[in-house]
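As provided, start_6.txt (compact mmCIF, C-alpha atoms and all ligand atoms) reads as follows.
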```txt
# COMPACT_ATOMS: atom_id res chain seq x y z
CA MET A 1 37.79 -9.98 96.12
CA LYS A 2 35.54 -7.42 94.54
CA MET A 3 37.71 -7.34 91.39
CA ALA A 4 37.59 -11.13 91.04
CA SER A 5 33.84 -11.43 91.23
CA HIS A 6 33.56 -8.59 88.73
CA SER A 7 35.74 -10.33 86.14
CA ILE A 8 34.01 -13.69 86.65
CA GLY A 9 30.72 -11.92 86.21
CA PHE A 10 31.89 -10.45 82.91
CA ALA A 11 33.22 -13.76 81.57
CA GLY A 12 30.01 -15.46 82.66
CA ALA A 13 27.96 -12.88 80.82
CA VAL A 14 29.96 -13.44 77.62
CA VAL A 15 29.44 -17.21 77.83
CA LEU A 16 25.72 -16.73 78.52
CA LEU A 17 25.40 -14.33 75.62
CA SER A 18 27.02 -16.67 73.12
CA VAL A 19 24.93 -19.61 74.37
CA ALA A 20 21.83 -17.45 73.97
CA LEU A 21 22.80 -16.49 70.40
CA ASN A 22 23.45 -20.10 69.38
CA ALA A 23 20.20 -21.20 70.93
CA ALA A 24 18.36 -18.39 69.15
CA HIS A 25 19.81 -19.57 65.86
CA ALA A 26 19.22 -23.28 66.36
CA ASP A 27 16.01 -23.84 68.28
CA GLY A 28 13.29 -21.44 67.38
CA ASP A 29 9.67 -22.10 68.23
CA PRO A 30 7.66 -23.16 65.14
CA ARG A 31 4.40 -22.07 66.77
CA ARG A 32 5.63 -18.49 67.17
CA GLY A 33 7.23 -18.73 63.73
CA ALA A 34 3.88 -19.71 62.20
CA LYS A 35 2.49 -16.29 63.22
CA ILE A 36 5.38 -14.53 61.51
CA TYR A 37 4.84 -16.59 58.33
CA GLY A 38 1.75 -14.42 57.66
CA ALA A 39 4.21 -11.85 56.27
CA CYS A 40 5.21 -14.34 53.54
CA ALA A 41 1.81 -15.78 52.55
CA GLY A 42 0.87 -12.74 50.46
CA CYS A 43 3.60 -13.67 47.98
CA HIS A 44 4.29 -17.38 48.55
CA SER A 45 2.39 -20.66 48.72
CA LEU A 46 3.59 -23.83 50.45
CA GLU A 47 1.67 -25.94 47.92
CA PRO A 48 3.64 -27.50 45.07
CA HIS A 49 3.53 -25.69 41.69
CA LEU A 50 1.44 -22.81 43.05
CA ASN A 51 3.57 -19.82 42.13
CA LEU A 52 2.32 -16.37 43.16
CA THR A 53 4.41 -13.17 43.15
CA GLY A 54 7.19 -15.42 44.39
CA PRO A 55 7.89 -19.11 43.70
CA SER A 56 6.13 -21.92 45.58
CA LEU A 57 8.21 -22.69 48.68
CA SER A 58 7.16 -26.35 48.60
CA GLY A 59 10.05 -28.76 49.23
CA LEU A 60 12.62 -25.93 49.13
CA TRP A 61 14.54 -27.05 52.26
CA GLY A 62 17.92 -28.45 51.16
CA LYS A 63 17.38 -27.42 47.51
CA LYS A 64 19.53 -25.07 45.48
CA ALA A 65 18.44 -21.41 45.34
CA ALA A 66 16.28 -20.45 42.33
CA SER A 67 15.58 -24.05 41.33
CA VAL A 68 11.76 -24.09 41.09
CA SER A 69 11.63 -25.07 37.42
CA ASP A 70 8.13 -23.75 36.64
CA PHE A 71 8.78 -20.28 38.14
CA PRO A 72 9.77 -17.94 35.28
CA ARG A 73 10.42 -14.69 37.20
CA TYR A 74 13.69 -15.24 39.10
CA SER A 75 16.15 -12.38 39.16
CA ARG A 76 19.51 -12.95 37.52
CA ALA A 77 20.99 -12.17 40.93
CA LEU A 78 19.35 -15.17 42.62
CA LYS A 79 19.71 -17.48 39.61
CA THR A 80 23.47 -17.05 39.54
CA LYS A 81 23.89 -17.87 43.25
CA ASP A 82 25.18 -21.29 44.18
CA PHE A 83 23.96 -22.30 47.63
CA VAL A 84 21.20 -24.46 49.14
CA TRP A 85 18.43 -23.31 51.49
CA ASP A 86 19.10 -24.34 55.09
CA GLU A 87 19.16 -22.72 58.56
CA ASN A 88 22.22 -20.63 57.76
CA THR A 89 21.26 -19.32 54.32
CA LEU A 90 17.67 -18.60 55.41
CA TYR A 91 18.97 -16.86 58.54
CA ALA A 92 21.00 -14.46 56.42
CA TRP A 93 18.43 -14.09 53.58
CA LEU A 94 15.49 -13.33 55.85
CA ALA A 95 17.44 -10.76 57.89
CA ASP A 96 17.93 -8.60 54.80
CA PRO A 97 17.25 -10.18 51.39
CA LYS A 98 18.77 -7.26 49.46
CA ALA A 99 22.00 -7.39 51.44
CA PHE A 100 22.36 -11.17 51.07
CA VAL A 101 21.48 -11.23 47.34
CA PRO A 102 21.94 -7.73 45.89
CA GLY A 103 19.58 -7.33 42.93
CA THR A 104 16.96 -9.79 44.18
CA TYR A 105 13.34 -9.27 43.12
CA MET A 106 12.05 -10.15 46.59
CA THR A 107 10.77 -6.78 47.78
CA PHE A 108 10.64 -7.74 51.44
CA SER A 109 12.60 -5.56 53.85
CA GLY A 110 13.60 -8.42 56.17
CA ILE A 111 13.24 -9.45 59.81
CA ARG A 112 16.08 -7.98 61.85
CA ASP A 113 15.07 -9.55 65.17
CA ASP A 114 17.19 -12.74 65.61
CA ARG A 115 14.69 -14.50 67.84
CA ALA A 116 11.77 -13.85 65.49
CA ARG A 117 13.86 -15.06 62.54
CA SER A 118 14.83 -18.26 64.37
CA ASP A 119 11.19 -18.91 65.20
CA LEU A 120 10.23 -18.40 61.55
CA ILE A 121 13.02 -20.73 60.40
CA ALA A 122 11.83 -23.42 62.86
CA PHE A 123 8.44 -23.15 61.14
CA LEU A 124 10.00 -23.16 57.65
CA LYS A 125 11.97 -26.31 58.45
CA ILE A 126 8.60 -28.08 58.67
CA GLY A 127 6.77 -26.09 55.97
CA LEU A 128 9.55 -26.30 53.36
CA ALA A 129 10.07 -30.05 53.79
CA SER A 130 8.39 -32.28 51.21
CA ASP A 131 4.64 -32.34 51.83
CA GLY A 132 5.21 -29.39 54.20
CA ALA A 133 1.88 -27.71 53.39
CA LYS A 134 0.01 -30.79 54.61
CA THR A 135 2.19 -31.13 57.73
CA VAL A 136 1.86 -27.52 58.94
CA VAL A 137 -1.92 -27.69 58.51
CA ALA A 138 -2.15 -31.13 60.20
CA GLN A 139 -0.07 -29.83 63.13
CA GLY A 140 -2.42 -26.84 63.46
CA LEU A 141 0.41 -24.36 62.85
CA ILE A 142 -1.44 -22.41 60.14
CA PRO A 143 -4.84 -22.78 58.44
CA ALA A 144 -5.04 -24.38 54.98
CA GLU A 145 -5.83 -21.04 53.29
CA GLU A 146 -2.59 -19.59 54.59
CA ALA A 147 -0.57 -22.61 53.41
CA ARG A 148 -2.13 -22.01 50.01
CA GLY A 149 -1.15 -18.31 50.18
CA GLN A 150 -3.00 -15.45 48.54
CA ALA A 151 -3.70 -17.46 45.41
CA PRO A 152 -6.33 -15.88 43.13
CA GLU A 153 -9.90 -17.11 43.50
CA PRO A 154 -11.08 -19.62 40.89
CA LEU A 155 -12.88 -17.70 38.13
CA LYS A 156 -14.46 -20.49 36.07
CA THR A 157 -17.42 -20.55 38.44
CA ALA A 158 -18.08 -16.78 38.68
CA LYS A 159 -21.59 -15.63 39.66
CA PRO A 160 -23.85 -14.05 36.95
CA ASP A 161 -22.94 -10.49 38.10
CA GLY A 162 -19.30 -11.34 37.35
CA ARG A 163 -19.70 -13.25 34.08
CA VAL A 164 -19.05 -10.75 31.31
CA THR A 165 -21.12 -11.06 28.13
CA ALA A 166 -20.10 -7.84 26.31
CA ILE A 167 -17.57 -5.02 26.64
CA ARG A 168 -17.62 -1.82 24.67
CA HIS A 169 -15.52 1.31 24.88
CA CYS A 170 -16.78 4.79 24.01
CA LYS A 171 -14.79 8.01 24.53
CA ASP A 172 -13.34 7.67 28.07
CA THR A 173 -15.69 4.91 29.23
CA PHE A 174 -15.92 1.12 29.28
CA PHE A 175 -19.46 -0.31 29.32
CA VAL A 176 -19.46 -3.84 30.74
CA THR A 177 -22.49 -6.11 30.41
CA THR A 178 -22.78 -9.15 32.70
CA ALA A 179 -24.86 -12.35 32.67
CA ASP A 180 -27.40 -10.81 35.08
CA GLY A 181 -28.38 -8.45 32.23
CA LYS A 182 -26.84 -5.29 33.76
CA GLU A 183 -24.60 -2.88 31.88
CA ARG A 184 -22.21 -0.86 34.05
CA PRO A 185 -20.14 2.15 32.98
CA PHE A 186 -16.54 2.59 34.23
CA TRP A 187 -14.25 5.54 33.70
CA GLU A 188 -11.53 3.91 31.58
CA LEU A 189 -8.82 4.55 34.21
CA ASN A 190 -10.87 2.75 36.86
CA LEU A 191 -11.02 -0.57 35.03
CA ARG A 192 -7.92 -2.76 35.22
CA LEU A 193 -7.42 -5.23 32.41
CA LYS A 194 -5.77 -8.40 33.72
CA VAL A 195 -4.87 -11.86 32.48
CA ASP A 196 -5.04 -15.05 34.56
CA SER A 197 -3.76 -17.84 32.33
CA SER A 198 -3.47 -20.30 35.24
CA THR A 199 -5.93 -23.14 35.85
CA SER A 200 -7.82 -20.88 38.27
CA GLY A 201 -8.33 -18.22 35.57
CA PRO A 202 -11.51 -17.76 33.49
CA SER A 203 -12.38 -20.00 30.52
CA ASP A 204 -11.49 -18.77 27.02
CA GLY A 205 -14.04 -16.25 25.77
CA LYS A 206 -15.52 -15.77 29.25
CA PRO A 207 -13.85 -12.81 30.95
CA VAL A 208 -14.82 -12.07 34.56
CA LEU A 209 -15.55 -8.73 36.26
CA LEU A 210 -14.24 -8.42 39.84
CA PRO A 211 -14.83 -5.52 42.21
CA ALA A 212 -11.52 -3.84 43.10
CA GLY A 213 -12.13 -2.02 46.34
CA MET A 214 -12.55 1.72 46.80
CA GLN A 215 -16.24 2.65 46.62
CA GLY A 216 -17.43 0.25 43.96
CA ASP A 217 -16.27 2.57 41.17
CA ARG A 218 -13.25 0.42 40.36
CA ALA A 219 -13.06 -3.12 39.04
CA SER A 220 -10.82 -5.60 37.29
CA LEU A 221 -11.64 -7.38 34.06
CA VAL A 222 -9.83 -10.71 33.97
CA PHE A 223 -9.22 -12.49 30.66
CA SER A 224 -7.83 -15.99 30.09
CA ASN A 225 -5.28 -14.80 27.51
CA VAL A 226 -3.74 -11.62 26.11
CA ALA A 227 -5.20 -11.84 22.59
CA GLU A 228 -8.74 -11.78 23.95
CA ILE A 229 -8.31 -8.29 25.37
CA GLY A 230 -8.18 -6.96 21.82
CA THR A 231 -11.00 -9.04 20.38
CA ALA A 232 -13.49 -8.86 23.27
CA ILE A 233 -13.53 -5.05 23.59
CA LYS A 234 -15.52 -3.31 20.84
CA GLU A 235 -15.02 0.39 20.14
CA GLN A 236 -18.64 1.41 19.92
CA CYS A 237 -20.73 4.42 21.01
CA PRO A 238 -24.51 4.30 21.23
CA LYS A 239 -26.31 5.70 18.18
CA GLN A 240 -27.39 9.29 18.94
C1 LIG A 301 6.33 -8.92 48.19
C2 LIG A 301 6.42 -10.31 47.87
C3 LIG A 301 7.24 -11.23 48.75
C4 LIG A 301 7.21 -11.37 50.11
C5 LIG A 301 6.37 -10.60 51.12
C6 LIG A 301 8.11 -12.44 50.43
N1 LIG A 301 8.70 -12.93 49.29
FE1 LIG A 301 10.06 -14.45 49.19
N2 LIG A 301 10.27 -14.12 47.20
C7 LIG A 301 9.57 -13.19 46.45
C8 LIG A 301 10.11 -13.16 45.10
C9 LIG A 301 9.61 -12.28 43.95
C10 LIG A 301 11.16 -14.09 45.07
C11 LIG A 301 12.11 -14.37 43.91
C12 LIG A 301 13.34 -13.49 44.16
C13 LIG A 301 14.35 -13.38 43.03
O1 LIG A 301 14.18 -14.03 41.99
O2 LIG A 301 15.31 -12.62 43.22
C14 LIG A 301 11.23 -14.68 46.40
C15 LIG A 301 12.13 -15.69 46.77
C16 LIG A 301 12.13 -16.33 48.00
C17 LIG A 301 12.96 -17.45 48.33
C18 LIG A 301 13.94 -18.15 47.40
C19 LIG A 301 13.18 -19.15 46.54
C20 LIG A 301 14.02 -20.00 45.63
O3 LIG A 301 13.43 -20.67 44.77
O4 LIG A 301 15.25 -20.01 45.75
C21 LIG A 301 12.68 -17.80 49.63
C22 LIG A 301 13.29 -18.93 50.44
C23 LIG A 301 11.68 -16.87 50.09
N3 LIG A 301 11.37 -16.00 49.08
C24 LIG A 301 11.12 -16.89 51.36
C25 LIG A 301 10.28 -15.90 51.85
C26 LIG A 301 9.81 -15.85 53.23
C27 LIG A 301 10.10 -16.89 54.29
C28 LIG A 301 9.05 -14.70 53.34
C29 LIG A 301 8.40 -14.13 54.58
C30 LIG A 301 9.26 -13.72 55.64
C31 LIG A 301 9.03 -14.07 52.03
N4 LIG A 301 9.78 -14.83 51.16
C32 LIG A 301 8.34 -12.91 51.72
C33 LIG A 301 8.53 -12.41 46.90
C34 LIG A 301 8.19 -12.21 48.24
```

Can you turn what I pasted into structure tokens?
Ligand code: HEC
Amino acid sequence: MKMASHSIGFAGAVVLLSVALNAAHADGDPRRGAKIYGACAGCHSLEPHLNLTGPSLSGLWGKKAASVSDFPRYSRALKTKDFVWDENTLYAWLADPKAFVPGTYMTFSGIRDDRARSDLIAFLKIGLASDGAKTVVAQGLIPAEEARGQAPEPLKTAKPDGRVTAIRHCKDTFFVTTADGKERPFWELNLRLKVDSSTSGPSDGKPVLLPAGMQGDRASLVFSNVAEIGTAIKEQCPKQ
């Protein structure tokens, strides 16, 4: 009698476990998944054609891997794969991207927890459908800024203290003059020279100075194109 109930108990547990695993895979909770999506928004946007570190995820559900045509930074590893994005491929990819596609450029360690991954995939099923950015915002799953992702701020409308009018370099120092009339010195290693050639970048000939954290001693100079970096910076020391 005791033996029998023991073995039934064991079999029952196995059945329950496999039901639980299937359920975890199939019906995640998009609301919980939306919270986990925060881990993706630093590198991805759900809006069409808005590529960040990673490609826009807009409309990706059911599409072939590495098929966003205006994203130029795919790894060879992902480009040569031949599968479509669905529950199963995302389930494996998001558990451990480097194990699923060795050589991928997605530097994300993965979500090992099956339940959390299923929840995220339930959210992605909505967000990666066509017009998914609009749907997830309309359903109150994530705010519009998060659907947009950490896209750079538009620089064509920078304030006077960001609009650069002159840049000179002398010894180990950049001197940057802005439209508010101020000239600020930066140790040359504290000024990052960047290019934003996208529509949100600065206009040609109008580089923008952005504070870059720390204690105000660091900043970024953003140009609209590479050639301008050479022409806009004058090597010039004040006359002694
Ligand atoms: C640190 C930046 C970064 C983070 C964080 C990140 N990704 Fe990525 N993702 C990338 C890059 C870069 C690629 C392109 C990979 C390649 O070419 O090998 C990519 C590719 C992808 C792809 C394949 C796209 C395609 O066109 O086939 C999917 C799907 C994806 N990411 C989903 C996610 C999800 C979901 C998250 C959050 C759990 C996430 N990513 C987090 C950078 C990131």

Between CA of Gly38 in chain A and atom C34 of ligand LIG 301 (chain A), what is the distance, to one decimal in Å? 11.6 Å

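A straight line drawn from CA of Ala39 in chain A to atom C1 of ligand LIG 301 (chain A) is 8.9 Å long.
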
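Using only C-alpha atoms and all ligand atoms, the nearest neighbour of ligand LIG 301 (chain A) within the list A:Pro48, A:Gly103, A:Gly54, A:Gly33 is A:Gly54.
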
Do you have, as a Markdown table, the list of residues of chain A lying at most 8 Å from ligand LIG 301 (chain A), each with its nearest atom pair and that distance in Å to one decimal, counting all atoms listed in the file and ordered by chain then number?
```
| residue | atom | partner | partner_atom | distance |
| --- | --- | --- | --- | --- |
| A:Ile36 | CA | A:LIG301 | C30 | 7.1 |
| A:Tyr37 | CA | A:LIG301 | C29 | 5.7 |
| A:Gly38 | CA | A:LIG301 | C29 | 7.3 |
| A:Ala39 | CA | A:LIG301 | C29 | 5.1 |
| A:Cys40 | CA | A:LIG301 | C29 | 3.4 |
| A:Ala41 | CA | A:LIG301 | C5 | 7.0 |
| A:Gly42 | CA | A:LIG301 | C5 | 5.9 |
| A:Cys43 | CA | A:LIG301 | C2 | 4.4 |
| A:His44 | CA | A:LIG301 | N1 | 6.3 |
| A:Thr53 | CA | A:LIG301 | C9 | 5.3 |
| A:Gly54 | CA | A:LIG301 | C8 | 3.8 |
| A:Pro55 | CA | A:LIG301 | O3 | 5.9 |
| A:Ser56 | CA | A:LIG301 | O3 | 7.5 |
| A:Leu57 | CA | A:LIG301 | C19 | 6.5 |
| A:Leu60 | CA | A:LIG301 | O3 | 6.9 |
| A:Lys63 | CA | A:LIG301 | O4 | 7.9 |
| A:Lys64 | CA | A:LIG301 | O4 | 6.6 |
| A:Ala65 | CA | A:LIG301 | O4 | 3.5 |
| A:Ala66 | CA | A:LIG301 | O4 | 3.6 |
| A:Ser67 | CA | A:LIG301 | O3 | 5.3 |
| A:Val68 | CA | A:LIG301 | O3 | 5.3 |
| A:Arg73 | CA | A:LIG301 | O1 | 6.1 |
| A:Tyr74 | CA | A:LIG301 | O1 | 3.2 |
| A:Ser75 | CA | A:LIG301 | O1 | 3.8 |
| A:Arg76 | CA | A:LIG301 | O1 | 7.0 |
| A:Ala77 | CA | A:LIG301 | O2 | 6.1 |
| A:Leu78 | CA | A:LIG301 | O2 | 4.8 |
| A:Lys79 | CA | A:LIG301 | O1 | 6.9 |
| A:Trp85 | CA | A:LIG301 | C22 | 6.8 |
| A:Leu90 | CA | A:LIG301 | C22 | 6.6 |
| A:Trp93 | CA | A:LIG301 | C22 | 7.7 |
| A:Leu94 | CA | A:LIG301 | C30 | 6.2 |
| A:Val101 | CA | A:LIG301 | O2 | 7.5 |
| A:Gly103 | CA | A:LIG301 | O2 | 6.8 |
| A:Thr104 | CA | A:LIG301 | O2 | 3.4 |
| A:Tyr105 | CA | A:LIG301 | O2 | 3.9 |
| A:Met106 | CA | A:LIG301 | C8 | 3.9 |
| A:Thr107 | CA | A:LIG301 | C1 | 4.9 |
| A:Phe108 | CA | A:LIG301 | C5 | 5.1 |
| A:Gly110 | CA | A:LIG301 | C30 | 6.9 |
| A:Ile111 | CA | A:LIG301 | C30 | 7.2 |
| A:Leu120 | CA | A:LIG301 | C27 | 7.4 |
| A:Ile121 | CA | A:LIG301 | C27 | 7.8 |
| A:Leu124 | CA | A:LIG301 | C27 | 7.1 |
```

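When CA of Leu46 in chain A is paired with CA of Leu128 in chain A, their separation reads 7.1 Å.
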
So which one's closest to Arg32 in chain A, A:Leu50, A:Ala129, A:Ile142, A:Ala147? Using all atoms listed in the file, please. A:Ile142

When distances are computed from all atoms listed in the file, which of A:Phe223, A:Phe174, A:Tyr91, A:Phe100 shows the smallest separation from Asp204 in chain A? A:Phe223

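Comparing the minimum interatomic distances between Asp29 in chain A and each of A:Asn88, A:Thr80, A:Asn225, A:Ser118, counting all atoms listed in the file, we find that A:Ser118 sits nearest.
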
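You can rank A:Gly213, A:Pro238, A:Gly59, A:Pro202 by their closest distance to Lys156 in chain A using only C-alpha atoms, and at the top of that list sits A:Pro202.
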
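The environment of range 217-221 of chain A within 10 Å, counting all atoms listed in the file and disregarding residues fewer than 6 places along the same chain, consists of A:Gly162, A:Arg163, A:Val164, A:Ile167, A:Val176, A:Arg184, A:Pro185, A:Phe186, A:Trp187, A:Glu188, A:Leu189, A:Asn190, A:Leu191, A:Arg192, A:Leu193, A:Lys194, A:Val195, A:Pro207, A:Val208, A:Leu209, A:Leu210, A:Pro211, A:Ile229.
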